[in-house]
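S.K.: Dropping in my_file.txt, with compact mmCIF, C-alpha atoms.
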```txt
# COMPACT_ATOMS: atom_id res chain seq x y z
CA PRO A 1 100.29 -55.96 -160.58
CA ASN A 2 103.73 -56.99 -161.80
CA LYS A 3 106.96 -57.11 -159.81
CA HIS A 4 108.22 -53.72 -161.11
CA THR A 5 105.06 -51.90 -160.07
CA ASN A 6 105.41 -53.19 -156.51
CA THR A 7 109.09 -52.19 -156.40
CA ILE A 8 108.25 -48.66 -157.53
CA LYS A 9 105.49 -48.38 -154.92
CA VAL A 10 107.89 -49.47 -152.16
CA LEU A 11 110.53 -46.97 -153.30
CA LEU A 12 108.00 -44.15 -153.41
CA LEU A 13 106.82 -45.07 -149.91
CA ILE A 14 110.40 -44.99 -148.62
CA LEU A 15 110.99 -41.58 -150.26
CA LEU A 16 107.79 -40.23 -148.74
CA VAL A 17 108.76 -41.41 -145.24
CA CYS A 18 112.26 -39.90 -145.63
CA TYR A 19 110.82 -36.60 -146.83
CA GLN A 20 108.32 -36.40 -143.97
CA THR A 21 111.03 -37.24 -141.43
CA ARG A 22 113.31 -34.51 -142.77
CA ALA A 23 110.43 -32.03 -143.00
CA ALA A 24 109.47 -32.68 -139.37
CA ALA A 25 113.06 -32.05 -138.34
CA GLY A 26 113.19 -28.82 -140.40
CA GLU A 27 116.01 -30.16 -142.57
CA PHE A 28 115.23 -28.90 -146.05
CA TYR A 29 118.16 -28.69 -148.42
CA CYS A 30 118.26 -25.15 -149.75
CA ASP A 31 114.62 -24.40 -150.33
CA PHE A 32 115.37 -20.70 -150.68
CA ILE A 33 114.62 -18.52 -153.65
CA PRO A 34 118.00 -18.00 -155.35
CA ALA A 35 119.49 -14.64 -156.34
CA GLY A 36 117.58 -13.06 -159.16
CA GLY A 37 114.25 -14.31 -157.82
CA LYS A 38 113.99 -17.34 -160.10
CA HIS A 39 112.67 -20.32 -158.17
CA ASP A 40 113.62 -23.93 -158.82
CA LYS A 41 110.24 -25.54 -159.49
CA SER A 42 111.45 -28.92 -158.19
CA ARG A 43 111.68 -27.51 -154.65
CA PRO A 44 108.89 -26.10 -152.50
CA ALA A 45 108.48 -22.32 -152.36
CA SER A 46 110.20 -20.57 -149.49
CA GLU A 47 109.02 -17.82 -147.21
CA CYS A 48 112.32 -16.01 -147.93
CA SER A 49 112.57 -13.26 -150.50
CA PRO A 50 115.83 -12.70 -152.41
CA THR A 51 116.58 -9.64 -150.28
CA GLU A 52 116.22 -11.68 -147.06
CA THR A 53 118.58 -14.38 -148.33
CA GLN A 54 122.27 -13.98 -147.46
CA TYR A 55 124.95 -15.83 -149.42
CA GLY A 56 128.44 -16.60 -148.18
CA LYS A 57 131.54 -16.88 -150.32
CA CYS A 58 132.12 -20.03 -152.33
CA VAL A 59 134.67 -22.14 -150.43
CA PRO A 60 136.51 -24.64 -152.63
CA GLU A 61 136.73 -28.22 -151.39
CA HIS A 62 140.40 -28.54 -152.44
CA GLY A 63 142.97 -25.81 -153.12
CA ASP A 64 141.86 -22.35 -154.17
CA CYS A 65 139.54 -23.18 -157.08
CA GLY A 66 137.15 -25.80 -158.45
CA ASP A 67 134.00 -27.27 -156.91
CA GLY A 68 132.99 -26.00 -153.49
CA LEU A 69 130.16 -25.08 -151.13
CA ARG A 70 128.45 -21.77 -150.32
CA GLU A 71 126.43 -21.09 -147.16
CA VAL A 72 122.94 -19.71 -147.73
CA THR A 73 121.11 -18.16 -144.78
CA CYS A 74 117.51 -17.01 -144.50
CA LYS A 75 115.97 -16.06 -141.21
CA ASP A 76 117.16 -18.72 -138.74
CA ARG A 77 118.11 -21.44 -141.26
CA THR A 78 121.48 -22.02 -142.93
CA ASN A 79 122.13 -24.52 -145.70
CA LYS A 80 124.95 -25.17 -148.13
CA ILE A 81 124.68 -25.15 -151.90
CA GLN A 82 127.17 -26.28 -154.50
CA CYS A 83 129.26 -23.68 -156.29
CA LYS A 84 132.34 -23.46 -158.46
CA ILE A 85 135.33 -21.11 -158.55
CA PRO A 86 137.06 -20.88 -161.94
CA CYS A 87 140.71 -21.96 -161.98
CA ASN A 88 141.95 -18.89 -163.86
CA TRP A 89 142.33 -15.14 -163.38
CA LYS A 90 138.57 -14.81 -162.79
CA LYS A 91 138.67 -16.66 -159.45
CA ASP A 92 138.97 -13.39 -157.47
CA ILE A 93 135.88 -11.89 -159.15
CA SER A 94 133.84 -15.05 -159.81
CA ASP A 95 130.64 -13.72 -158.17
CA CYS A 96 130.84 -10.48 -160.17
CA LYS A 97 130.10 -10.29 -163.89
CA TYR A 98 131.85 -7.57 -165.92
CA LYS A 99 131.71 -6.28 -169.48
CA PHE A 100 135.28 -5.92 -170.71
CA GLY A 101 136.64 -3.64 -173.39
CA PRO A 102 139.35 -4.61 -175.87
CA TRP A 103 142.89 -5.46 -174.79
CA GLY A 104 145.27 -2.49 -174.80
CA SER A 105 148.63 -2.45 -176.51
CA CYS A 106 151.61 -4.25 -175.02
CA ASP A 107 153.56 -2.36 -172.36
CA ALA A 108 157.18 -3.10 -173.24
CA ALA A 109 158.40 -2.32 -169.70
CA THR A 110 156.20 -4.97 -168.04
CA ASN A 111 155.52 -7.16 -171.12
CA THR A 112 151.80 -7.11 -170.24
CA LYS A 113 148.63 -5.76 -171.77
CA SER A 114 145.50 -4.84 -169.83
CA ARG A 115 141.83 -4.02 -170.19
CA SER A 116 139.08 -2.60 -167.99
CA GLY A 117 135.66 -3.98 -167.19
CA THR A 118 132.51 -2.36 -165.84
CA LEU A 119 130.16 -4.22 -163.52
CA LYS A 120 127.18 -5.85 -165.27
CA LYS A 121 125.79 -7.97 -162.43
CA ALA A 122 126.61 -8.96 -158.84
CA LEU A 123 125.64 -12.56 -158.07
CA PHE A 124 124.78 -13.94 -154.61
CA ASN A 125 124.66 -10.46 -153.03
CA ALA A 126 128.41 -10.13 -153.65
CA GLU A 127 130.20 -6.85 -152.99
CA CYS A 128 131.75 -5.98 -156.34
CA GLN A 129 133.94 -3.15 -157.55
CA ALA A 130 132.27 -0.89 -160.12
CA THR A 131 135.28 -1.26 -162.45
CA VAL A 132 138.18 -3.69 -162.55
CA ARG A 133 141.43 -3.77 -164.52
CA VAL A 134 142.97 -7.08 -165.53
CA SER A 135 146.25 -7.79 -167.27
CA LYS A 136 147.98 -10.68 -168.99
CA PRO A 137 151.38 -11.29 -170.56
CA CYS A 138 151.82 -10.09 -174.12
CA SER A 139 151.82 -12.86 -176.68
CA PRO A 140 155.32 -13.63 -177.98
CA ARG A 141 154.28 -13.25 -181.63
CA ALA A 142 151.55 -11.19 -183.26
CA LYS A 143 148.48 -12.87 -184.81
CA ASN A 144 146.95 -12.10 -188.18
CA ALA A 145 143.27 -11.32 -188.81
CA LYS A 146 142.34 -15.03 -188.96
CA GLY A 147 143.87 -15.65 -185.52
CA ASN A 148 146.90 -17.52 -186.84
CA ILE A 149 150.30 -16.64 -185.46
CA LYS A 150 152.32 -14.54 -187.89
CA PRO A 151 155.88 -15.70 -188.34
CA SER A 152 158.47 -13.17 -187.25
CA PHE A 153 160.33 -13.59 -190.58
CA LYS A 154 159.40 -14.25 -194.20
CA HIS A 155 160.58 -17.33 -195.99
CA VAL A 156 161.86 -16.49 -199.47
CA GLY A 157 161.89 -19.21 -202.14
CA SER A 158 165.26 -20.62 -203.25
```
Mind converting the file's structure to structure tokens?
M.R.:
Amino acid sequence: PNKHTNTIKVLLLILLVCYQTRAAAGEFYCDFIPAGGKHDKSRPASECSPTETQYGKCVPEHGDCGDGLREVTCKDRTNKIQCKIPCNWKKDISDCKYKFGPWGSCDAATNTKSRSGTLKKALFNAECQATVRVSKPCSPRAKNAKGNIKPSFKHVGS
């Protein structure tokens, strides 16, 4: 055998020992079945069904958005999985997926336009509102059909 084959065998042996040590201590990293019932084939099957699995809120590592961790509990075991909170208006409803209608017309009093969304799917056993209403500032200038900003005046040739 060549030098690389021996190195690979040693590494595999070390991984096997580490895995057995962690398994004996009951320290599996998130071997639960995730929401939706789809199982990650790279991890061993769990005795937990999706209904038995409880998910906590995603807690960002820094600030109020970005990469974070979510606690996952099944029976007497709790682990943490990676998650992400978007850094925009969706951060308050990030575990809830909505189907939104078109934007309404601009409200001149508040200079905002809004639209409503109906719940499509709740992820990670989240408690979601059946409908939500979101708003954003009106754009300063109207856009044409191609998405280009229309000028507010016409330029007449000299």
S.K.: Rounded to one decimal in Å, what is the spacing between atom CA of A:Gly63 and atom CA of A:Cys87?
M.R.: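 So the two atoms, atom CA of A:Gly63 and atom CA of A:Cys87, lie 9.9 Å apart.
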S.K.: Around (150.0, -3.2, -173.0) in the file's own coordinates, what residues are found within 12 Å if you use only C-alpha atoms, given back as a ChimeraX atom specification?
M.R.: /A:102-115,134-139
S.K.: For A:Thr78, which residue out of A:Tyr98, A:Pro60, A:Glu127, A:Gln54 is the nearest one, using only C-alpha atoms?
M.R.: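 Ranking A:Tyr98, A:Pro60, A:Glu127, A:Gln54 by distance to A:Thr78, first place goes to A:Gln54.
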S.K.: Rounded to one decimal in Å, what is the spacing between atom CA of A:Gly68 and atom CA of A:Cys48?
M.R.: 23.6 Å
S.K.: Contacts of A:Lys99 at 8 Å or less, counting all atoms listed in the file, minus same-chain residues fewer than 5 places along, as JSON, numbers by chain?
M.R.: {"A": [117, 118, 119, 120]}
S.K.: Give the answer as one residue: which of A:Arg70, A:Lys80, A:Lys75, A:Lys97 has the shortest atom-to-atom distance to A:Gln129, using only C-alpha atoms?
M.R.: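 Under the stated criterion, the closest residue is A:Lys97.
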S.K.: Have a look at A:Lys84, A:Phe100, A:Asn79, A:Arg133 and name the one nearest to A:His62; count all atoms listed in the file.
M.R.: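 Ranking A:Lys84, A:Phe100, A:Asn79, A:Arg133 by distance to A:His62, first place goes to A:Lys84.
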S.K.: Atom CA of A:Val59 and atom CA of A:Val72, how far apart in Å?
M.R.: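 Answer for the atom CA of A:Val72 to atom CA of A:Val59 separation: 12.3 Å.
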